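Peer 1: If it helps, the file is called target.txt and holds compact mmCIF, C-alpha atoms:
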# COMPACT_ATOMS: atom_id res chain seq x y z
CA MET A 25 0.00 0.00 0.00
CA ALA A 26 1.52 3.25 -1.15
CA HIS A 27 1.74 6.25 1.09
CA ILE A 28 0.84 9.73 -0.20
CA SER A 29 1.94 12.81 1.72
CA HIS A 30 -0.30 15.86 2.14
CA ALA A 31 1.88 17.82 -0.25
CA ASP A 32 1.59 15.10 -2.88
CA GLU A 33 -2.21 14.96 -2.38
CA ALA A 34 -2.51 18.73 -2.86
CA LEU A 35 -0.43 18.49 -6.01
CA ILE A 36 -2.64 15.76 -7.46
CA ILE A 37 -5.86 17.71 -6.70
CA GLY A 38 -4.46 20.82 -8.35
CA VAL A 39 -3.58 18.85 -11.48
CA ASN A 40 -7.10 17.38 -11.67
CA ARG A 41 -8.74 20.82 -11.41
CA LYS A 42 -6.58 22.18 -14.18
CA ALA A 43 -7.45 19.23 -16.39
CA THR A 44 -11.20 19.76 -15.75
CA GLY A 45 -11.00 23.43 -16.76
CA MET A 46 -9.24 22.47 -19.98
CA SER A 47 -12.01 19.93 -20.71
CA HIS A 48 -14.77 22.59 -20.47
CA GLN A 49 -12.83 24.96 -22.66
CA SER A 50 -12.32 22.18 -25.19
CA GLU A 51 -16.07 21.47 -25.24
CA ARG A 52 -16.83 25.13 -25.94
CA ILE A 53 -14.33 25.13 -28.79
CA ARG A 54 -15.82 21.95 -30.21
CA GLU A 55 -19.36 23.43 -30.04
CA SER A 56 -18.25 26.63 -31.73
CA ASP A 57 -16.50 24.65 -34.48
CA PHE A 58 -19.61 22.48 -34.96
CA LYS A 59 -21.85 25.52 -35.48
CA TYR A 60 -19.34 27.09 -37.85
CA TYR A 61 -19.13 23.98 -40.03
CA GLU A 62 -22.90 23.47 -39.90
CA ARG A 63 -23.61 27.00 -41.21
CA ARG A 64 -20.84 26.75 -43.79
CA TYR A 65 -21.95 23.44 -45.33
CA TYR A 66 -25.64 24.27 -45.13
CA ASP A 67 -25.00 27.46 -47.13
CA ASP A 68 -22.94 25.43 -49.62
CA LEU A 69 -25.82 22.98 -50.04
CA LYS A 70 -28.29 25.83 -50.55
CA ASN A 71 -26.01 27.46 -53.11
CA GLY A 72 -25.68 24.22 -55.09
CA CYS A 73 -22.02 23.59 -54.30
CA PHE A 74 -22.80 19.90 -53.71
CA THR A 75 -24.87 17.48 -55.76
CA ILE A 76 -27.10 15.11 -53.84
CA LYS A 77 -29.72 14.21 -56.47
CA ILE A 78 -28.39 11.71 -59.00
CA SER A 79 -31.71 10.94 -60.72
CA ASN A 80 -35.42 11.43 -60.08
CA SER A 81 -35.35 8.68 -57.43
CA THR A 82 -31.67 8.36 -56.49
CA TYR A 83 -29.68 10.43 -53.99
CA ARG A 84 -26.13 10.28 -52.66
CA CYS A 85 -24.40 11.74 -49.63
CA PRO A 86 -21.89 14.32 -50.87
CA PHE A 87 -19.77 13.87 -47.74
CA CYS A 88 -19.23 10.10 -47.85
CA LEU A 89 -16.84 8.23 -50.13
CA ASP A 90 -18.83 4.99 -50.40
CA ARG A 91 -20.97 6.43 -53.28
CA GLN A 92 -24.01 4.54 -51.99
CA ASP A 93 -27.39 5.32 -53.60
CA TYR A 94 -30.33 6.30 -51.37
CA SER A 95 -33.94 7.34 -51.67
CA SER A 96 -34.70 10.78 -50.22
CA SER A 97 -36.03 9.30 -46.96
CA GLU A 98 -33.05 6.90 -46.70
CA LEU A 99 -30.60 9.74 -47.25
CA LEU A 100 -32.34 11.73 -44.51
CA LYS A 101 -31.99 8.79 -42.12
CA HIS A 102 -28.32 8.45 -43.08
CA ALA A 103 -27.65 12.15 -42.40
CA SER A 104 -29.53 12.02 -39.09
CA ARG A 105 -27.64 8.91 -37.96
CA PHE A 106 -24.24 10.43 -38.72
CA ALA A 107 -25.18 13.81 -37.19
CA LYS A 108 -26.12 12.08 -33.92
CA GLY A 109 -23.11 9.79 -34.07
CA SER A 110 -20.43 9.26 -31.46
CA HIS A 111 -18.52 12.29 -30.22
CA SER A 112 -15.39 10.47 -31.27
CA ARG A 113 -16.33 11.15 -34.88
CA GLU A 114 -14.77 14.24 -36.42
CA ILE A 115 -16.64 17.49 -35.59
CA GLU A 116 -16.60 18.63 -39.19
CA ASP A 117 -18.00 15.28 -40.39
CA ARG A 118 -20.88 15.40 -37.90
CA ALA A 119 -21.59 19.07 -38.77
CA LYS A 120 -21.65 18.24 -42.48
CA HIS A 121 -24.28 15.56 -41.99
CA PHE A 122 -26.31 17.75 -39.64
CA ALA A 123 -26.33 20.47 -42.32
CA LEU A 124 -27.40 17.82 -44.86
CA GLN A 125 -30.21 16.71 -42.50
CA LEU A 126 -31.48 20.29 -42.16
CA TYR A 127 -31.28 20.85 -45.90
CA ILE A 128 -33.26 17.69 -46.73
CA GLU A 129 -35.88 18.35 -44.02
CA ARG A 130 -36.49 21.91 -45.21
CA TYR A 131 -36.55 20.82 -48.85
CA VAL A 132 -39.11 18.07 -48.11
CA GLY A 133 -41.16 20.50 -46.00
CA GLU A 134 -41.37 22.89 -48.94
CA SER A 135 -42.31 20.02 -51.25
CA GLY A 136 -45.77 19.87 -49.64
CA THR A 137 -46.56 23.38 -50.85
CA LYS A 138 -45.14 22.63 -54.27
CA LEU A 139 -47.26 19.48 -54.59
CA ARG A 140 -50.40 21.38 -53.60
CA GLU A 141 -49.66 24.01 -56.24
CA GLU A 142 -49.03 21.29 -58.83
CA PHE A 143 -52.28 19.46 -58.02
CA THR A 144 -54.18 22.76 -58.03
CA LEU A 145 -52.94 23.53 -61.53
CA LYS A 146 -54.32 20.15 -62.61
CA GLY A 147 -57.76 21.19 -61.35
CA PHE A 148 -58.05 18.98 -58.22
CA ARG A 149 -58.14 21.91 -55.75
CA PRO A 150 -56.56 20.33 -52.63
CA LEU A 151 -56.62 22.36 -49.44
CA ARG A 152 -53.13 21.41 -48.24
CA VAL A 153 -50.48 18.67 -48.37
CA HIS A 154 -49.02 17.25 -45.12
CA PRO A 155 -45.63 15.48 -45.43
CA LEU A 156 -45.53 12.84 -42.68
CA TRP A 157 -42.50 12.78 -40.39
CA ASN A 158 -41.25 10.35 -37.78
CA HIS A 159 -38.23 10.26 -35.49
CA ASN A 160 -36.04 9.22 -38.41
CA GLY A 161 -37.10 12.14 -40.61
CA HIS A 162 -39.53 12.22 -43.52
CA SER A 163 -41.46 8.97 -43.89
CA GLY A 164 -41.93 9.18 -47.66
CA PHE A 165 -45.70 9.61 -47.27
CA ALA A 166 -47.89 12.71 -47.42
CA ILE A 167 -51.58 13.31 -46.77
CA VAL A 168 -53.51 15.46 -49.26
CA ASP A 169 -56.48 17.28 -47.70
CA PHE A 170 -59.60 18.08 -49.71
CA SER A 171 -62.73 19.94 -48.72
CA THR A 172 -65.10 17.97 -46.47
CA GLU A 173 -68.01 18.91 -48.72
CA TRP A 174 -69.19 16.86 -51.71
CA ASP A 175 -67.16 18.89 -54.18
CA GLY A 176 -64.04 17.98 -52.18
CA PHE A 177 -65.05 14.30 -52.28
CA THR A 178 -65.52 14.55 -56.05
CA ASN A 179 -62.08 16.13 -56.42
CA ALA A 180 -60.53 13.36 -54.30
CA ILE A 181 -62.23 10.65 -56.41
CA ASN A 182 -61.04 12.27 -59.64
CA PHE A 183 -57.57 12.63 -58.09
CA GLU A 184 -57.47 8.91 -57.30
CA ARG A 185 -58.75 7.92 -60.74
CA SER A 186 -56.14 10.06 -62.48
CA PHE A 187 -53.36 8.18 -60.67
CA GLU A 188 -55.02 4.79 -61.27
CA ALA A 189 -55.16 5.59 -64.99
CA GLU A 190 -51.38 6.06 -64.89
CA HIS A 191 -50.94 2.82 -62.87
CA CYS A 192 -49.96 4.76 -59.78
CA GLY A 193 -52.84 3.77 -57.53
CA LYS A 194 -53.00 1.80 -54.30
CA LYS A 195 -52.89 -1.64 -55.93
CA ASP A 196 -49.89 -0.61 -58.02
CA TYR A 197 -48.07 0.70 -54.95
CA TYR A 198 -48.43 -2.55 -53.00
CA SER A 199 -47.95 -4.90 -55.98
CA LEU A 200 -44.85 -3.36 -57.55
CA LYS A 201 -41.45 -4.19 -56.13
CA CYS A 202 -39.66 -1.42 -58.00
CA ARG A 203 -41.72 1.76 -57.77
CA GLY A 204 -39.07 4.15 -59.05
CA ASP A 205 -39.52 7.84 -58.30
CA ARG A 206 -43.18 8.04 -59.29
CA LEU A 207 -45.89 9.37 -56.98
CA TYR A 208 -48.59 6.91 -55.91
CA GLU A 209 -51.93 8.15 -54.66
CA TRP A 210 -55.20 6.69 -53.41
CA LEU A 211 -58.22 7.71 -51.41
CA ALA A 212 -57.84 6.74 -47.74
CA ARG A 213 -60.37 4.12 -46.68
CA ASP A 214 -61.13 1.89 -43.71
CA ASP A 215 -57.90 -0.14 -43.85
CA ASP A 216 -55.77 2.99 -44.13
CA TYR A 217 -57.64 4.66 -41.29
CA HIS A 218 -57.09 1.72 -38.91
CA MET A 219 -53.54 1.02 -40.09
CA ASN A 220 -50.97 0.80 -37.29
CA SER A 221 -48.61 3.24 -38.97
CA ILE A 222 -47.86 6.92 -39.28
CA ILE A 223 -50.61 7.14 -41.91
CA GLY A 224 -53.28 5.64 -39.65
CA VAL A 225 -52.17 7.73 -36.69
CA HIS A 226 -52.43 10.95 -38.74
CA LEU A 227 -55.84 10.02 -40.21
CA ARG A 228 -57.29 9.11 -36.82
CA LYS A 229 -55.88 12.28 -35.26
CA LYS A 230 -57.02 14.71 -37.95
CA GLY A 231 -60.29 13.30 -39.27
CA ASP A 232 -63.29 10.98 -38.92
CA LEU A 233 -63.97 7.88 -41.00
CA LYS A 234 -67.39 7.95 -42.69
CA THR A 235 -69.16 5.94 -45.37
CA VAL A 236 -71.04 7.65 -48.17
CA SER A 237 -74.35 6.75 -46.53
CA GLU A 238 -73.11 8.09 -43.19
CA LYS A 239 -71.97 11.27 -44.92
CA GLN A 240 -75.37 11.58 -46.58
CA ALA A 241 -77.12 10.95 -43.27
CA ASP A 242 -74.82 13.47 -41.57
CA ASP A 243 -75.54 16.03 -44.29
CA LYS A 244 -79.25 15.31 -43.98
CA ARG A 245 -79.04 15.78 -40.22
CA LYS A 246 -77.06 19.01 -40.65
CA THR A 247 -79.54 20.18 -43.29
CA SER A 248 -82.42 19.34 -40.98
CA GLN A 249 -80.71 21.20 -38.14
CA LEU A 250 -80.03 24.09 -40.46
CA VAL A 251 -83.64 24.17 -41.66
CA SER A 252 -84.84 23.94 -38.07
CA SER A 253 -82.43 26.68 -37.05
CA LEU A 254 -83.52 28.84 -39.97
CA ALA A 255 -87.17 28.16 -39.13
CA ASN A 256 -86.56 29.18 -35.52
CA THR A 257 -84.65 32.22 -36.71
CA LEU A 258 -87.48 33.09 -39.10
CA LYS A 259 -90.00 32.62 -36.29
CA MET A 260 -87.98 34.91 -34.04
CA LYS A 261 -87.60 37.43 -36.85
CA ASN A 262 -91.37 37.32 -37.46
CA LYS A 263 -91.95 37.94 -33.76
CA GLU A 264 -89.51 40.80 -33.87
CA LEU A 265 -91.24 42.10 -36.98
CA GLU A 266 -94.63 41.89 -35.27
CA TRP A 267 -93.20 43.71 -32.26
CA VAL A 268 -91.76 46.38 -34.54
CA ARG A 269 -95.09 46.66 -36.37
CA SER A 270 -96.91 46.95 -33.04
CA LYS A 271 -94.51 49.64 -31.89
CA TYR A 272 -94.87 51.36 -35.25
CA ASP A 273 -98.65 51.29 -34.95
CA GLU A 274 -98.44 52.67 -31.42
CA ILE A 275 -96.10 55.43 -32.50
CA ASP A 276 -98.20 56.11 -35.60
CA LEU A 277 -101.37 56.30 -33.50
CA SER A 278 -99.66 58.56 -30.97
CA LEU A 279 -98.31 60.71 -33.77
CA ASN A 280 -101.74 60.94 -35.39
CA LYS A 281 -103.20 62.03 -32.05
CA VAL A 282 -100.52 64.68 -31.70
CA ILE A 283 -101.21 65.84 -35.24
CA GLU A 284 -104.95 65.92 -34.57
CA GLN A 285 -104.39 67.84 -31.35
CA LYS A 286 -102.13 70.24 -33.17
CA GLU A 287 -104.70 70.70 -35.92
CA GLU A 288 -107.41 71.29 -33.29
CA MET A 289 -105.21 73.81 -31.56
CA ILE A 290 -104.51 75.57 -34.83
CA LYS A 291 -108.20 75.51 -35.70
CA SER A 292 -109.14 76.82 -32.28
CA PHE A 293 -106.48 79.49 -32.51
CA ASN A 294 -107.68 80.50 -35.94
CA ASN A 295 -111.25 80.61 -34.69
CA GLU A 296 -110.23 82.78 -31.78
CA ILE A 297 -108.31 85.06 -34.11
CA GLN A 298 -111.30 85.25 -36.41
CA LYS A 299 -113.57 85.98 -33.46
CA MET A 300 -111.24 88.66 -32.21
CA GLN A 301 -110.95 90.16 -35.67
CA GLN A 302 -114.73 90.02 -36.11
CA SER A 303 -115.21 91.57 -32.67
CA ASP A 304 -112.73 94.29 -33.56
CA ARG A 305 -114.52 94.91 -36.84
CA ASP A 306 -117.91 94.98 -35.08
CA HIS A 307 -116.55 97.30 -32.44
CA LEU A 308 -115.03 99.58 -35.06
CA GLU A 309 -118.22 99.53 -37.08
CA LYS A 310 -120.23 100.39 -33.98
CA ILE A 311 -117.87 103.26 -33.21
CA LEU A 312 -118.19 104.49 -36.77
CA MET A 313 -121.97 104.21 -36.58
CA ASP A 314 -122.01 106.07 -33.26
CA HIS A 315 -119.81 108.75 -34.73
CA GLU A 316 -122.11 109.04 -37.73
CA LYS A 317 -125.15 109.32 -35.50
CA ALA A 318 -123.42 111.94 -33.36
CA ARG A 319 -122.45 113.85 -36.53
CA LEU A 320 -126.01 113.69 -37.82
CA ARG A 321 -127.30 114.90 -34.47
CA LEU A 322 -124.81 117.75 -34.45
CA GLU A 323 -125.73 118.61 -38.02
CA ALA A 324 -129.43 118.61 -37.07
CA GLN A 325 -128.73 120.70 -33.99
CA LYS A 326 -126.62 123.08 -36.05
CA LYS A 327 -129.36 123.38 -38.63
CA GLU A 328 -131.92 123.98 -35.92
CA LEU A 329 -129.77 126.64 -34.30
CA LEU A 330 -129.28 128.32 -37.64
CA ASN A 331 -133.01 128.28 -38.24
CA ARG A 332 -133.60 129.74 -34.78
CA GLU A 333 -130.99 132.40 -35.45
CA LYS A 334 -132.68 133.30 -38.70
CA ASP A 335 -136.03 133.34 -37.01
CA LEU A 336 -134.70 135.61 -34.27
CA GLN A 337 -133.20 137.94 -36.83
CA ARG A 338 -136.53 138.14 -38.68
CA ARG A 339 -138.32 138.79 -35.42
CA GLN A 340 -135.82 141.46 -34.49
CA GLU A 341 -136.18 143.12 -37.87
CA ARG A 342 -139.96 143.00 -37.60
CA ASN A 343 -139.84 144.48 -34.09
CA GLU A 344 -137.59 147.25 -35.24
CA ASN A 345 -139.87 148.02 -38.15
CA GLU A 346 -142.89 148.17 -35.89
CA ARG A 347 -141.01 150.45 -33.49
CA GLU A 348 -140.06 152.79 -36.23
CA ARG A 349 -143.70 153.01 -37.39
CA ARG A 350 -144.84 153.95 -33.93
CA TYR A 351 -142.44 156.87 -33.73
CA ILE A 352 -143.54 158.22 -37.07
Would you mind writing the file out in structure tokens?
Peer 2:
Amino acid sequence: MAHISHADEALIIGVNRKATGMSHQSERIRESDFKYYERRYYDDLKNGCFTIKISNSTYRCPFCLDRQDYSSSELLKHASRFAKGSHSREIEDRAKHFALQLYIERYVGESGTKLREEFTLKGFRPLRVHPLWNHNGHSGFAIVDFSTEWDGFTNAINFERSFEAEHCGKKDYYSLKCRGDRLYEWLARDDDYHMNSIIGVHLRKKGDLKTVSEKQADDKRKTSQLVSSLANTLKMKNKELEWVRSKYDEIDLSLNKVIEQKEEMIKSFNNEIQKMQQSDRDHLEKILMDHEKARLRLEAQKKELLNREKDLQRRQERNENERERRYI
């Protein structure tokens, strides 16, 4: 049994701590290098510096020397496996494959939009295309969504028939050993819906399985509910209309009463004005008549006074004449 002095023990501990610090620094350097290589090779892939597509159905890893041919999904699995490989593998090699994994995943993700645009141009009018992914990357399958109405069902049927006419239907997919790079399409049915696969899981998660008769019954039920709802709405609207009419009649009646009262007030006012005017005219006429009578009386009195004056003058003259005769 070896003996270690306290000085030796302190020296050993110090050496271990220094080694640990160097390990952390080395990890940070390795991580920084990994990110650098990842960005560099991903940009190179985007800019077309590497060729990965050999033919319509064949792909190769541009970073491996074995020149092995892959399908797109197999190449994605290869890139993912190497990117997650042992840390003993070269950092640059792992970063290359991680960049290749990202490039393939983003390319396949965009392919869903491109397929939808392609199918739309052919007149099938899909709503969207869902590429299906699993833990290994893209599965090689995609789900095409159509409208849940009958026009969507018609488009899906025509879509299926167009692929069957080109021998790219469901039977062709499962019967052919060498499918090449062609697209195969079929309308999902009961067996697909209950399939224990990524397809079945997606269908069960995103939609309901219905037969044509069930769809017709569901539509009939929805139509009946809609008709019933519209009937109830119409009934409520009729009630509201009756209420509005009743309120209108009340307001109209009240307004007519106000108008009648106003007309009565105007009529009464006019009558009062007429009465006042007539009274004023009568009063004025009476005053004029009184004045005329007074004038006539004054004229008569004046005439009578004049006659009396003349009579007095005649009497005075006659008296004077008689007086003069007496003195003679």
Peer 1: Taking all atoms listed in the file into account, which of A:Leu265, A:Met260, A:Ala107, A:Leu89 comes nearest Glu62 in chain A?
Peer 2: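 Checking each candidate against Glu62 in chain A, we get A:Ala107 as the closest.
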Peer 1: Go ahead and compute the interatomic distance for CA of His191 in chain A and CA of Asn220 in chain A, in Å to one decimal.
Peer 2: 25.7 Å
Peer 1: Using all atoms listed in the file, can you tell me which of A:Trp157, A:Phe177, A:Trp267, A:Tyr351 comes closest to Glu129 in chain A?
Peer 2: A:Trp157
Peer 1: Name the residues in contact with Phe87 in chain A at a cut-off of 8 Å, using all atoms listed in the file, excluding same-chain residues fewer than 2 positions from it; report them as an MDAnalysis selection string.
Peer 2: chainID A and resid 85 89 117 120:121
Peer 1: What gap, in Å, lies between CA of Tyr198 in chain A and CA of Glu98 in chain A?
Peer 2: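 Answer for the CA of Tyr198 in chain A to CA of Glu98 in chain A separation: 19.1 Å.
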Peer 1: Will you model N, CA and C atoms for range 164-195 of chain A and pass it back as a tab-separated table (two decimals), keeping the file's coordinate frame?
Peer 2:
chain	number	residue	atom	x	y	z
A	164	GLY	N	-41.67	9.51	-46.27
A	164	GLY	CA	-41.93	9.18	-47.66
A	164	GLY	C	-43.40	9.25	-48.03
A	165	PHE	N	-44.26	9.50	-47.03
A	165	PHE	CA	-45.70	9.61	-47.27
A	165	PHE	C	-46.16	11.05	-47.02
A	166	ALA	N	-47.26	11.41	-47.64
A	166	ALA	CA	-47.89	12.71	-47.42
A	166	ALA	C	-49.40	12.55	-47.52
A	167	ILE	N	-50.12	13.32	-46.76
A	167	ILE	CA	-51.58	13.31	-46.77
A	167	ILE	C	-52.06	14.55	-47.49
A	168	VAL	N	-52.94	14.35	-48.50
A	168	VAL	CA	-53.51	15.46	-49.26
A	168	VAL	C	-54.92	15.72	-48.73
A	169	ASP	N	-55.16	16.92	-48.24
A	169	ASP	CA	-56.48	17.28	-47.70
A	169	ASP	C	-57.34	17.92	-48.78
A	170	PHE	N	-58.61	17.46	-48.85
A	170	PHE	CA	-59.60	18.08	-49.71
A	170	PHE	C	-60.73	18.61	-48.84
A	171	SER	N	-61.58	19.41	-49.45
A	171	SER	CA	-62.73	19.94	-48.72
A	171	SER	C	-63.61	18.80	-48.21
A	172	THR	N	-64.22	19.00	-47.04
A	172	THR	CA	-65.10	17.97	-46.47
A	172	THR	C	-66.48	17.96	-47.11
A	173	GLU	N	-66.73	18.90	-48.02
A	173	GLU	CA	-68.01	18.91	-48.72
A	173	GLU	C	-67.96	17.97	-49.92
A	174	TRP	N	-69.12	17.82	-50.62
A	174	TRP	CA	-69.19	16.86	-51.71
A	174	TRP	C	-68.29	17.23	-52.88
A	175	ASP	N	-68.06	18.51	-53.10
A	175	ASP	CA	-67.16	18.89	-54.18
A	175	ASP	C	-65.74	18.45	-53.88
A	176	GLY	N	-65.35	18.48	-52.58
A	176	GLY	CA	-64.04	17.98	-52.18
A	176	GLY	C	-63.93	16.48	-52.38
A	177	PHE	N	-65.03	15.75	-52.06
A	177	PHE	CA	-65.05	14.30	-52.28
A	177	PHE	C	-64.93	13.98	-53.77
A	178	THR	N	-65.61	14.75	-54.60
A	178	THR	CA	-65.52	14.55	-56.05
A	178	THR	C	-64.10	14.81	-56.54
A	179	ASN	N	-63.46	15.86	-56.04
A	179	ASN	CA	-62.08	16.13	-56.42
A	179	ASN	C	-61.15	15.00	-55.99
A	180	ALA	N	-61.36	14.46	-54.79
A	180	ALA	CA	-60.53	13.36	-54.30
A	180	ALA	C	-60.71	12.10	-55.16
A	181	ILE	N	-61.96	11.81	-55.55
A	181	ILE	CA	-62.23	10.65	-56.41
A	181	ILE	C	-61.54	10.83	-57.77
A	182	ASN	N	-61.69	12.00	-58.34
A	182	ASN	CA	-61.04	12.27	-59.64
A	182	ASN	C	-59.52	12.22	-59.51
A	183	PHE	N	-59.00	12.68	-58.36
A	183	PHE	CA	-57.57	12.63	-58.09
A	183	PHE	C	-57.09	11.18	-58.07
A	184	GLU	N	-57.82	10.33	-57.38
A	184	GLU	CA	-57.47	8.91	-57.30
A	184	GLU	C	-57.53	8.25	-58.67
A	185	ARG	N	-58.58	8.53	-59.43
A	185	ARG	CA	-58.75	7.92	-60.74
A	185	ARG	C	-57.66	8.34	-61.71
A	186	SER	N	-57.20	9.60	-61.58
A	186	SER	CA	-56.14	10.06	-62.48
A	186	SER	C	-54.84	9.29	-62.24
A	187	PHE	N	-54.57	8.96	-60.98
A	187	PHE	CA	-53.36	8.18	-60.67
A	187	PHE	C	-53.55	6.72	-61.06
A	188	GLU	N	-54.76	6.18	-60.86
A	188	GLU	CA	-55.02	4.79	-61.27
A	188	GLU	C	-54.87	4.63	-62.78
A	189	ALA	N	-55.28	5.66	-63.54
A	189	ALA	CA	-55.16	5.59	-64.99
A	189	ALA	C	-53.70	5.54	-65.43
A	190	GLU	N	-52.81	6.08	-64.59
A	190	GLU	CA	-51.38	6.06	-64.89
A	190	GLU	C	-50.67	4.92	-64.16
A	191	HIS	N	-51.47	3.98	-63.61
A	191	HIS	CA	-50.94	2.82	-62.87
A	191	HIS	C	-50.11	3.26	-61.67
A	192	CYS	N	-50.62	4.27	-60.99
A	192	CYS	CA	-49.96	4.76	-59.78
A	192	CYS	C	-50.95	4.82	-58.63
A	193	GLY	N	-51.85	3.83	-58.58
A	193	GLY	CA	-52.84	3.77	-57.53
A	193	GLY	C	-52.39	2.90	-56.37
A	194	LYS	N	-53.32	2.57	-55.50
A	194	LYS	CA	-53.00	1.80	-54.30
A	194	LYS	C	-52.54	0.39	-54.63
A	195	LYS	N	-53.26	-0.27	-55.55
A	195	LYS	CA	-52.89	-1.64	-55.93
A	195	LYS	C	-51.50	-1.67	-56.55
